[in-house]
>>> print(open('target.tsv').read())   # TSV, N, CA and C atoms
chain	number	residue	atom	x	y	z
A	1	MET	N	19.66	8.65	-6.65
A	1	MET	CA	18.86	7.45	-6.49
A	1	MET	C	18.39	6.95	-7.86
A	2	SER	N	17.84	5.75	-7.86
A	2	SER	CA	17.44	5.11	-9.11
A	2	SER	C	16.04	5.54	-9.54
A	3	ALA	N	15.72	5.28	-10.80
A	3	ALA	CA	14.36	5.54	-11.31
A	3	ALA	C	13.33	4.72	-10.52
A	4	ASN	N	13.71	3.51	-10.11
A	4	ASN	CA	12.80	2.67	-9.32
A	4	ASN	C	12.51	3.32	-7.97
A	5	TYR	N	13.55	3.76	-7.30
A	5	TYR	CA	13.41	4.44	-6.01
A	5	TYR	C	12.56	5.70	-6.16
A	6	ASP	N	12.87	6.49	-7.17
A	6	ASP	CA	12.14	7.75	-7.38
A	6	ASP	C	10.65	7.50	-7.65
A	7	ALA	N	10.33	6.44	-8.39
A	7	ALA	CA	8.93	6.12	-8.69
A	7	ALA	C	8.16	5.76	-7.42
A	8	ILE	N	8.79	5.01	-6.53
A	8	ILE	CA	8.10	4.60	-5.30
A	8	ILE	C	8.06	5.76	-4.30
A	9	LYS	N	9.09	6.56	-4.28
A	9	LYS	CA	9.06	7.76	-3.44
A	9	LYS	C	7.90	8.67	-3.88
A	10	ALA	N	7.71	8.81	-5.18
A	10	ALA	CA	6.60	9.62	-5.72
A	10	ALA	C	5.25	8.97	-5.39
A	11	HIS	N	5.18	7.64	-5.43
A	11	HIS	CA	3.95	6.94	-5.05
A	11	HIS	C	3.54	7.30	-3.62
A	12	TYR	N	4.50	7.23	-2.69
A	12	TYR	CA	4.20	7.53	-1.29
A	12	TYR	C	3.85	9.01	-1.09
A	13	ALA	N	4.50	9.89	-1.82
A	13	ALA	CA	4.16	11.32	-1.74
A	13	ALA	C	2.73	11.54	-2.23
A	14	ALA	N	2.35	10.85	-3.30
A	14	ALA	CA	0.97	10.95	-3.80
A	14	ALA	C	-0.01	10.40	-2.79
A	15	SER	N	0.35	9.32	-2.12
A	15	SER	CA	-0.50	8.75	-1.08
A	15	SER	C	-0.74	9.77	0.04
A	16	ASP	N	0.31	10.45	0.43
A	16	ASP	CA	0.18	11.49	1.47
A	16	ASP	C	-0.79	12.58	1.05
A	17	ARG	N	-0.86	12.86	-0.26
A	17	ARG	CA	-1.76	13.90	-0.79
A	17	ARG	C	-3.16	13.35	-1.10
A	18	LYS	N	-3.36	12.03	-0.92
A	18	LYS	CA	-4.62	11.36	-1.29
A	18	LYS	C	-4.86	11.45	-2.80
A	19	ASP	N	-3.78	11.39	-3.57
A	19	ASP	CA	-3.80	11.50	-5.02
A	19	ASP	C	-3.69	10.10	-5.63
A	20	VAL	N	-4.84	9.46	-5.84
A	20	VAL	CA	-4.85	8.07	-6.32
A	20	VAL	C	-4.21	7.96	-7.71
A	21	ALA	N	-4.48	8.90	-8.59
A	21	ALA	CA	-3.86	8.85	-9.93
A	21	ALA	C	-2.34	8.90	-9.82
A	22	GLY	N	-1.83	9.74	-8.95
A	22	GLY	CA	-0.38	9.80	-8.73
A	22	GLY	C	0.17	8.51	-8.15
A	23	MET	N	-0.61	7.91	-7.25
A	23	MET	CA	-0.19	6.64	-6.66
A	23	MET	C	-0.10	5.54	-7.72
A	24	MET	N	-1.00	5.58	-8.70
A	24	MET	CA	-1.05	4.54	-9.72
A	24	MET	C	-0.09	4.80	-10.88
A	25	ALA	N	0.60	5.93	-10.88
A	25	ALA	CA	1.48	6.28	-12.00
A	25	ALA	C	2.49	5.19	-12.36
A	26	PRO	N	3.13	4.51	-11.40
A	26	PRO	CA	4.11	3.48	-11.80
A	26	PRO	C	3.51	2.09	-12.02
A	27	ILE	N	2.19	1.99	-11.90
A	27	ILE	CA	1.50	0.70	-12.05
A	27	ILE	C	1.23	0.43	-13.54
A	28	THR	N	1.43	-0.81	-13.96
A	28	THR	CA	1.14	-1.21	-15.33
A	28	THR	C	-0.09	-2.11	-15.35
A	29	PRO	N	-0.64	-2.40	-16.52
A	29	PRO	CA	-1.78	-3.33	-16.58
A	29	PRO	C	-1.43	-4.73	-16.07
A	30	GLU	N	-0.14	-5.06	-16.03
A	30	GLU	CA	0.29	-6.39	-15.59
A	30	GLU	C	0.78	-6.40	-14.14
A	31	THR	N	0.84	-5.26	-13.47
A	31	THR	CA	1.33	-5.21	-12.09
A	31	THR	C	0.49	-6.13	-11.20
A	32	ARG	N	1.18	-6.97	-10.44
A	32	ARG	CA	0.53	-7.87	-9.47
A	32	ARG	C	0.71	-7.28	-8.08
A	33	TRP	N	-0.39	-6.98	-7.41
A	33	TRP	CA	-0.41	-6.30	-6.11
A	33	TRP	C	-1.00	-7.26	-5.09
A	34	THR	N	-0.20	-7.69	-4.11
A	34	THR	CA	-0.66	-8.68	-3.14
A	34	THR	C	-0.75	-8.07	-1.74
A	35	GLU	N	-1.97	-8.13	-1.20
A	35	GLU	CA	-2.24	-7.77	0.19
A	35	GLU	C	-2.18	-9.06	1.00
A	36	MET	N	-1.53	-9.03	2.13
A	36	MET	CA	-1.22	-10.21	2.93
A	36	MET	C	-2.48	-10.95	3.42
A	37	ALA	N	-2.39	-12.27	3.46
A	37	ALA	CA	-3.45	-13.09	4.05
A	37	ALA	C	-3.70	-12.61	5.47
A	38	GLY	N	-4.97	-12.50	5.85
A	38	GLY	CA	-5.33	-12.00	7.16
A	38	GLY	C	-5.65	-10.52	7.18
A	39	PHE	N	-5.22	-9.80	6.14
A	39	PHE	CA	-5.52	-8.38	6.00
A	39	PHE	C	-6.95	-8.27	5.44
A	40	PRO	N	-7.71	-7.22	5.79
A	40	PRO	CA	-9.09	-7.13	5.31
A	40	PRO	C	-9.24	-7.18	3.79
A	41	TYR	N	-8.22	-6.79	3.05
A	41	TYR	CA	-8.30	-6.76	1.59
A	41	TYR	C	-7.35	-7.78	0.97
A	42	ALA	N	-7.14	-8.89	1.68
A	42	ALA	CA	-6.20	-9.92	1.25
A	42	ALA	C	-6.50	-10.41	-0.16
A	43	GLY	N	-5.42	-10.68	-0.88
A	43	GLY	CA	-5.55	-11.21	-2.23
A	43	GLY	C	-4.57	-10.55	-3.15
A	44	THR	N	-4.59	-10.98	-4.40
A	44	THR	CA	-3.72	-10.41	-5.42
A	44	THR	C	-4.60	-9.75	-6.47
A	45	TYR	N	-4.27	-8.51	-6.77
A	45	TYR	CA	-5.00	-7.69	-7.73
A	45	TYR	C	-4.05	-7.39	-8.89
A	46	VAL	N	-4.56	-7.37	-10.11
A	46	VAL	CA	-3.73	-7.15	-11.28
A	46	VAL	C	-4.21	-5.89	-12.01
A	47	GLY	N	-3.31	-4.93	-12.17
A	47	GLY	CA	-3.62	-3.68	-12.86
A	47	GLY	C	-4.23	-2.63	-11.96
A	48	ALA	N	-4.11	-1.38	-12.39
A	48	ALA	CA	-4.53	-0.24	-11.58
A	48	ALA	C	-6.00	-0.29	-11.19
A	49	GLY	N	-6.88	-0.62	-12.12
A	49	GLY	CA	-8.31	-0.65	-11.81
A	49	GLY	C	-8.64	-1.62	-10.69
A	50	ALA	N	-8.10	-2.81	-10.77
A	50	ALA	CA	-8.35	-3.83	-9.74
A	50	ALA	C	-7.75	-3.41	-8.40
A	51	ILE	N	-6.58	-2.79	-8.44
A	51	ILE	CA	-5.92	-2.34	-7.21
A	51	ILE	C	-6.74	-1.24	-6.54
A	52	VAL	N	-7.15	-0.26	-7.33
A	52	VAL	CA	-7.94	0.84	-6.77
A	52	VAL	C	-9.25	0.31	-6.20
A	53	ASP	N	-9.97	-0.49	-6.98
A	53	ASP	CA	-11.27	-1.01	-6.53
A	53	ASP	C	-11.14	-1.97	-5.36
A	54	GLY	N	-10.14	-2.84	-5.39
A	54	GLY	CA	-10.01	-3.87	-4.37
A	54	GLY	C	-9.35	-3.42	-3.09
A	55	VAL	N	-8.58	-2.34	-3.16
A	55	VAL	CA	-7.84	-1.90	-1.98
A	55	VAL	C	-8.17	-0.45	-1.62
A	56	PHE	N	-7.75	0.49	-2.44
A	56	PHE	CA	-7.80	1.89	-2.04
A	56	PHE	C	-9.22	2.47	-1.92
A	57	LYS	N	-10.11	2.07	-2.80
A	57	LYS	CA	-11.49	2.54	-2.71
A	57	LYS	C	-12.13	2.02	-1.43
A	58	ARG	N	-11.90	0.77	-1.14
A	58	ARG	CA	-12.46	0.15	0.07
A	58	ARG	C	-11.89	0.80	1.33
A	59	ILE	N	-10.59	1.06	1.34
A	59	ILE	CA	-9.99	1.75	2.50
A	59	ILE	C	-10.67	3.10	2.70
A	60	GLY	N	-10.84	3.84	1.62
A	60	GLY	CA	-11.46	5.16	1.70
A	60	GLY	C	-12.90	5.11	2.20
A	61	GLU	N	-13.61	4.06	1.83
A	61	GLU	CA	-15.01	3.92	2.24
A	61	GLU	C	-15.16	3.40	3.66
A	62	GLU	N	-14.21	2.60	4.13
A	62	GLU	CA	-14.38	1.89	5.40
A	62	GLU	C	-13.59	2.44	6.58
A	63	TRP	N	-12.64	3.35	6.32
A	63	TRP	CA	-11.77	3.84	7.39
A	63	TRP	C	-11.82	5.36	7.48
A	64	ILE	N	-11.57	5.86	8.67
A	64	ILE	CA	-11.41	7.29	8.92
A	64	ILE	C	-9.93	7.53	9.21
A	65	ASP	N	-9.36	8.51	8.54
A	65	ASP	CA	-7.95	8.90	8.76
A	65	ASP	C	-6.98	7.73	8.61
A	66	TYR	N	-7.24	6.85	7.63
A	66	TYR	CA	-6.33	5.74	7.36
A	66	TYR	C	-5.07	6.30	6.71
A	67	THR	N	-3.92	5.98	7.29
A	67	THR	CA	-2.66	6.48	6.74
A	67	THR	C	-1.59	5.40	6.77
A	68	PHE	N	-0.62	5.60	5.92
A	68	PHE	CA	0.63	4.85	5.96
A	68	PHE	C	1.72	5.87	6.17
A	69	ALA	N	2.40	5.78	7.30
A	69	ALA	CA	3.51	6.68	7.61
A	69	ALA	C	4.82	5.98	7.24
A	70	LEU	N	5.44	6.45	6.18
A	70	LEU	CA	6.71	5.88	5.71
A	70	LEU	C	7.85	6.33	6.62
A	71	GLU	N	8.62	5.37	7.10
A	71	GLU	CA	9.76	5.67	7.96
A	71	GLU	C	11.10	5.45	7.26
A	72	ARG	N	11.14	4.45	6.39
A	72	ARG	CA	12.37	4.14	5.66
A	72	ARG	C	12.01	3.70	4.26
A	73	LEU	N	12.79	4.15	3.30
A	73	LEU	CA	12.66	3.70	1.92
A	73	LEU	C	14.03	3.24	1.49
A	74	ILE	N	14.12	1.95	1.17
A	74	ILE	CA	15.41	1.31	0.90
A	74	ILE	C	15.53	1.01	-0.59
A	75	ASP	N	16.60	1.51	-1.18
A	75	ASP	CA	16.85	1.31	-2.61
A	75	ASP	C	17.71	0.06	-2.79
A	76	GLY	N	17.06	-1.01	-3.25
A	76	GLY	CA	17.77	-2.25	-3.52
A	76	GLY	C	17.91	-2.51	-5.01
A	77	GLY	N	17.89	-1.41	-5.80
A	77	GLY	CA	18.00	-1.57	-7.24
A	77	GLY	C	16.66	-1.96	-7.84
A	78	ALA	N	16.52	-3.23	-8.21
A	78	ALA	CA	15.26	-3.71	-8.79
A	78	ALA	C	14.19	-3.97	-7.72
A	79	THR	N	14.59	-3.94	-6.46
A	79	THR	CA	13.65	-4.12	-5.35
A	79	THR	C	13.75	-2.92	-4.43
A	80	ILE	N	12.60	-2.30	-4.18
A	80	ILE	CA	12.51	-1.16	-3.27
A	80	ILE	C	11.69	-1.62	-2.08
A	81	VAL	N	12.10	-1.24	-0.87
A	81	VAL	CA	11.41	-1.64	0.34
A	81	VAL	C	10.98	-0.40	1.11
A	82	GLY	N	9.70	-0.34	1.45
A	82	GLY	CA	9.17	0.72	2.29
A	82	GLY	C	8.79	0.15	3.64
A	83	VAL	N	9.25	0.80	4.71
A	83	VAL	CA	8.96	0.36	6.07
A	83	VAL	C	8.20	1.47	6.77
A	84	GLY	N	7.11	1.11	7.44
A	84	GLY	CA	6.36	2.14	8.12
A	84	GLY	C	5.26	1.60	8.99
A	85	THR	N	4.23	2.44	9.19
A	85	THR	CA	3.15	2.13	10.10
A	85	THR	C	1.81	2.53	9.49
A	86	TYR	N	0.85	1.61	9.54
A	86	TYR	CA	-0.53	1.93	9.21
A	86	TYR	C	-1.22	2.44	10.46
A	87	SER	N	-2.18	3.34	10.27
A	87	SER	CA	-3.06	3.73	11.37
A	87	SER	C	-4.38	4.18	10.79
A	88	GLY	N	-5.41	4.15	11.60
A	88	GLY	CA	-6.73	4.59	11.18
A	88	GLY	C	-7.79	4.09	12.13
A	89	ARG	N	-9.02	4.52	11.89
A	89	ARG	CA	-10.17	4.09	12.69
A	89	ARG	C	-11.20	3.49	11.76
A	90	TYR	N	-11.64	2.28	12.08
A	90	TYR	CA	-12.62	1.58	11.25
A	90	TYR	C	-14.00	2.16	11.52
A	91	LYS	N	-14.69	2.59	10.48
A	91	LYS	CA	-15.97	3.29	10.63
A	91	LYS	C	-17.02	2.46	11.35
A	92	GLN	N	-17.19	1.19	10.98
A	92	GLN	CA	-18.28	0.38	11.52
A	92	GLN	C	-18.13	0.09	13.01
A	93	THR	N	-16.90	-0.04	13.49
A	93	THR	CA	-16.69	-0.39	14.90
A	93	THR	C	-16.25	0.80	15.74
A	94	GLY	N	-15.70	1.82	15.09
A	94	GLY	CA	-15.14	2.95	15.82
A	94	GLY	C	-13.79	2.66	16.45
A	95	LYS	N	-13.26	1.45	16.20
A	95	LYS	CA	-11.98	1.05	16.79
A	95	LYS	C	-10.81	1.56	15.95
A	96	SER	N	-9.77	1.98	16.66
A	96	SER	CA	-8.54	2.44	16.00
A	96	SER	C	-7.51	1.34	15.98
A	97	MET	N	-6.57	1.47	15.05
A	97	MET	CA	-5.46	0.51	14.98
A	97	MET	C	-4.20	1.25	14.59
A	98	THR	N	-3.09	0.66	14.99
A	98	THR	CA	-1.75	1.05	14.56
A	98	THR	C	-0.99	-0.25	14.34
A	99	ALA	N	-0.44	-0.43	13.14
A	99	ALA	CA	0.23	-1.70	12.82
A	99	ALA	C	1.46	-1.44	11.96
A	100	ARG	N	2.53	-2.13	12.28
A	100	ARG	CA	3.76	-2.06	11.49
A	100	ARG	C	3.56	-2.77	10.17
A	101	VAL	N	4.27	-2.28	9.13
A	101	VAL	CA	4.11	-2.84	7.80
A	101	VAL	C	5.40	-2.68	7.00
A	102	VAL	N	5.62	-3.62	6.10
A	102	VAL	CA	6.70	-3.55	5.13
A	102	VAL	C	6.09	-3.77	3.75
A	103	HIS	N	6.46	-2.92	2.80
A	103	HIS	CA	6.05	-3.05	1.41
A	103	HIS	C	7.28	-3.43	0.59
A	104	VAL	N	7.16	-4.46	-0.22
A	104	VAL	CA	8.25	-4.88	-1.11
A	104	VAL	C	7.79	-4.66	-2.54
A	105	TRP	N	8.55	-3.85	-3.26
A	105	TRP	CA	8.23	-3.46	-4.63
A	105	TRP	C	9.28	-4.06	-5.57
A	106	ASP	N	8.88	-4.93	-6.48
A	106	ASP	CA	9.77	-5.43	-7.53
A	106	ASP	C	9.53	-4.56	-8.75
A	107	MET	N	10.61	-3.98	-9.27
A	107	MET	CA	10.51	-2.92	-10.26
A	107	MET	C	11.27	-3.25	-11.55
A	108	ASN	N	10.87	-2.55	-12.62
A	108	ASN	CA	11.59	-2.62	-13.88
A	108	ASN	C	11.51	-1.23	-14.52
A	109	GLU	N	12.62	-0.53	-14.54
A	109	GLU	CA	12.73	0.79	-15.18
A	109	GLU	C	11.64	1.77	-14.71
A	110	GLY	N	11.45	1.83	-13.39
A	110	GLY	CA	10.50	2.78	-12.82
A	110	GLY	C	9.05	2.34	-12.83
A	111	ARG	N	8.80	1.12	-13.25
A	111	ARG	CA	7.43	0.57	-13.30
A	111	ARG	C	7.33	-0.60	-12.32
A	112	VAL	N	6.18	-0.75	-11.69
A	112	VAL	CA	5.99	-1.82	-10.71
A	112	VAL	C	5.62	-3.12	-11.41
A	113	VAL	N	6.43	-4.14	-11.16
A	113	VAL	CA	6.14	-5.48	-11.66
A	113	VAL	C	5.27	-6.20	-10.63
A	114	ARG	N	5.73	-6.15	-9.35
A	114	ARG	CA	5.03	-6.81	-8.25
A	114	ARG	C	5.13	-5.96	-7.00
A	115	PHE	N	4.07	-5.99	-6.20
A	115	PHE	CA	4.03	-5.37	-4.88
A	115	PHE	C	3.57	-6.43	-3.91
A	116	GLU	N	4.21	-6.50	-2.75
A	116	GLU	CA	3.74	-7.41	-1.70
A	116	GLU	C	3.80	-6.71	-0.36
A	117	GLN	N	2.73	-6.84	0.39
A	117	GLN	CA	2.59	-6.22	1.70
A	117	GLN	C	2.82	-7.27	2.79
A	118	PHE	N	3.57	-6.90	3.82
A	118	PHE	CA	3.76	-7.72	5.01
A	118	PHE	C	3.37	-6.85	6.20
A	119	ALA	N	2.33	-7.26	6.93
A	119	ALA	CA	1.81	-6.41	8.00
A	119	ALA	C	1.39	-7.25	9.20
A	120	ASP	N	1.27	-6.60	10.35
A	120	ASP	CA	0.70	-7.24	11.52
A	120	ASP	C	-0.81	-7.22	11.32
A	121	THR	N	-1.30	-8.21	10.59
A	121	THR	CA	-2.70	-8.21	10.18
A	121	THR	C	-3.66	-8.36	11.35
A	122	SER	N	-3.25	-8.99	12.43
A	122	SER	CA	-4.17	-9.16	13.55
A	122	SER	C	-4.55	-7.81	14.17
A	123	LEU	N	-3.62	-6.87	14.20
A	123	LEU	CA	-3.93	-5.54	14.74
A	123	LEU	C	-4.94	-4.81	13.87
A	124	VAL	N	-4.83	-4.99	12.56
A	124	VAL	CA	-5.78	-4.36	11.63
A	124	VAL	C	-7.13	-5.07	11.76
A	125	ALA	N	-7.12	-6.39	11.73
A	125	ALA	CA	-8.36	-7.16	11.81
A	125	ALA	C	-9.11	-6.91	13.12
A	126	ASP	N	-8.37	-6.74	14.22
A	126	ASP	CA	-9.01	-6.48	15.51
A	126	ASP	C	-9.86	-5.22	15.47
A	127	ALA	N	-9.46	-4.23	14.69
A	127	ALA	CA	-10.22	-2.99	14.60
A	127	ALA	C	-11.53	-3.18	13.83
A	128	THR	N	-11.60	-4.22	13.00
A	128	THR	CA	-12.78	-4.42	12.15
A	128	THR	C	-13.84	-5.31	12.81
A	129	THR	N	-13.55	-5.82	14.01
A	129	THR	CA	-14.52	-6.71	14.67
A	129	THR	C	-14.97	-6.17	16.01
>>> encode(input="target.tsv", output="structure tokens")
Amino acid sequence: MSANYDAIKAHYAASDRKDVAGMMAPITPETRWTEMAGFPYAGTYVGAGAIVDGVFKRIGEEWIDYTFALERLIDGGATIVGVGTYSGRYKQTGKSMTARVVHVWDMNEGRVVRFEQFADTSLVADATT
């Protein structure tokens, strides 16, 4: 497999271990990370600090057992695609959710240039209300 594929495979393995530093390993200061409109953390974050603060820290604070279960990882060379399912329980409401998701990673030599999430945001949002 390619360096791009290996970097994203390692990102997901770090996510499974709850290893934020490992997850951020392929992220650069210029990486643009976009969470889909309608998702609780919608927007574009640039660089590891903004991504951690805007997405992963908030998930950790607001959800119980929030996970991404990777089902397929597709090596498209400069574009890597992860397909899977989010699940978790929102602390404030006690509601659980399960939602399908696709992650699209635009890469350059094992480093993330751009990340974009495509998810069934209504299923996630329903758990937060």
>>> select_by_dssp(input="target.tsv", residues="chain A", states="strand (DSSP E)", output="PyMOL selection string")
chain A and resi 27-35+43-46+63-76+79-90+96-108+111-119
>>> residues_around(input="target.tsv", residues="Tyr86 of chain A", least_positions_apart="5", cutoff="6 Å", atoms="all atoms listed in the file", output="JSON list (two decimals) with N, CA and C atoms, keeping the file's coordinate frame")
[["chain", "number", "residue", "atom", "x", "y", "z"],
["A", 67, "THR", "N", -3.92, 5.98, 7.29],
["A", 67, "THR", "CA", -2.66, 6.48, 6.74],
["A", 67, "THR", "C", -1.59, 5.40, 6.77],
["A", 68, "PHE", "N", -0.62, 5.60, 5.92],
["A", 68, "PHE", "CA", 0.63, 4.85, 5.96],
["A", 68, "PHE", "C", 1.72, 5.87, 6.17],
["A", 69, "ALA", "N", 2.40, 5.78, 7.30],
["A", 69, "ALA", "CA", 3.51, 6.68, 7.61],
["A", 69, "ALA", "C", 4.82, 5.98, 7.24],
["A", 97, "MET", "N", -6.57, 1.47, 15.05],
["A", 97, "MET", "CA", -5.46, 0.51, 14.98],
["A", 97, "MET", "C", -4.20, 1.25, 14.59],
["A", 98, "THR", "N", -3.09, 0.66, 14.99],
["A", 98, "THR", "CA", -1.75, 1.05, 14.56],
["A", 98, "THR", "C", -0.99, -0.25, 14.34],
["A", 99, "ALA", "N", -0.44, -0.43, 13.14],
["A", 99, "ALA", "CA", 0.23, -1.70, 12.82],
["A", 99, "ALA", "C", 1.46, -1.44, 11.96],
["A", 100, "ARG", "N", 2.53, -2.13, 12.28],
["A", 100, "ARG", "CA", 3.76, -2.06, 11.49],
["A", 100, "ARG", "C", 3.56, -2.77, 10.17],
["A", 101, "VAL", "N", 4.27, -2.28, 9.13],
["A", 101, "VAL", "CA", 4.11, -2.84, 7.80],
["A", 101, "VAL", "C", 5.40, -2.68, 7.00]]
>>> residues_around(input="target.tsv", residues="Thr79 of chain A", least_positions_apart="2", cutoff="9 Å", atoms="only C-alpha atoms", output="list in words")
Asn4, Tyr5, Ile74, Asp75, Gly76, Gly77, Val81, Val104, Trp105, Asp106, Met107 and Asn108 of chain A
>>> axis_aligned_box(input="target.tsv", around="segment 66-85 of chain A", padding_each_side="4 Å", output="AutoDock Vina command-line options")
--center_x 5.4 --center_y 1.4 --center_z 0.7 --size_x 33.2 --size_y 19.0 --size_z 26.9
>>> atom_distance(input="target.tsv", atom1="atom N of Gly38 of chain A", atom2="atom C of Asp65 of chain A")
20.5 Å
>>> closest_residue(input="target.tsv", among="A:Tyr66, A:Tyr12, A:Phe56, A:Trp33", to="Gln117 of chain A", atoms="all atoms listed in the file")
A:Trp33
>>> closest_residue(input="target.tsv", among="A:Val20, A:Ala10, A:Ala119, A:Ala125", to="Gly60 of chain A", atoms="only C-alpha atoms")
A:Val20
>>> closest_atom_pairs(input="target.tsv", of="segment 51-70 of chain A", to="segment 41-44 of chain A", cutoff="10 Å", atoms="only C-alpha atoms", output="tab-separated table")
residue	atom	partner	partner_atom	distance
A:Ile51	CA	A:Thr44	CA	8.6
A:Gly54	CA	A:Tyr41	CA	6.8
A:Val55	CA	A:Tyr41	CA	6.0
A:Phe56	CA	A:Tyr41	CA	9.4
A:Arg58	CA	A:Tyr41	CA	8.2
A:Ile59	CA	A:Tyr41	CA	8.7
>>> atom_distance(input="target.tsv", atom1="atom CA of Arg114 of chain A", atom2="atom CA of His11 of chain A")
14.2 Å
>>> select_by_dssp(input="target.tsv", residues="chain A", states="helix (DSSP H, G or I)", output="count of residues only")
40
>>> closest_residue(input="target.tsv", among="A:Thr121, A:Val112, A:Ala127, A:Tyr45", to="Pro26 of chain A", atoms="all atoms listed in the file")
A:Val112
>>> closest_residue(input="target.tsv", among="A:Val113, A:Val52, A:Ala7, A:Ala13", to="Thr31 of chain A", atoms="all atoms listed in the file")
A:Val113
>>> closest_residue(input="target.tsv", among="A:Arg17, A:Ala78, A:Ser96, A:Glu62", to="Gly110 of chain A", atoms="only C-alpha atoms")
A:Ala78
>>> atom_distance(input="target.tsv", atom1="atom CA of Ser2 of chain A", atom2="atom N of Gly49 of chain A")
25.2 Å
>>> closest_residue(input="target.tsv", among="A:Leu73, A:Pro29, A:Glu35, A:Thr129", to="Thr93 of chain A", atoms="only N, CA and C atoms")
A:Thr129
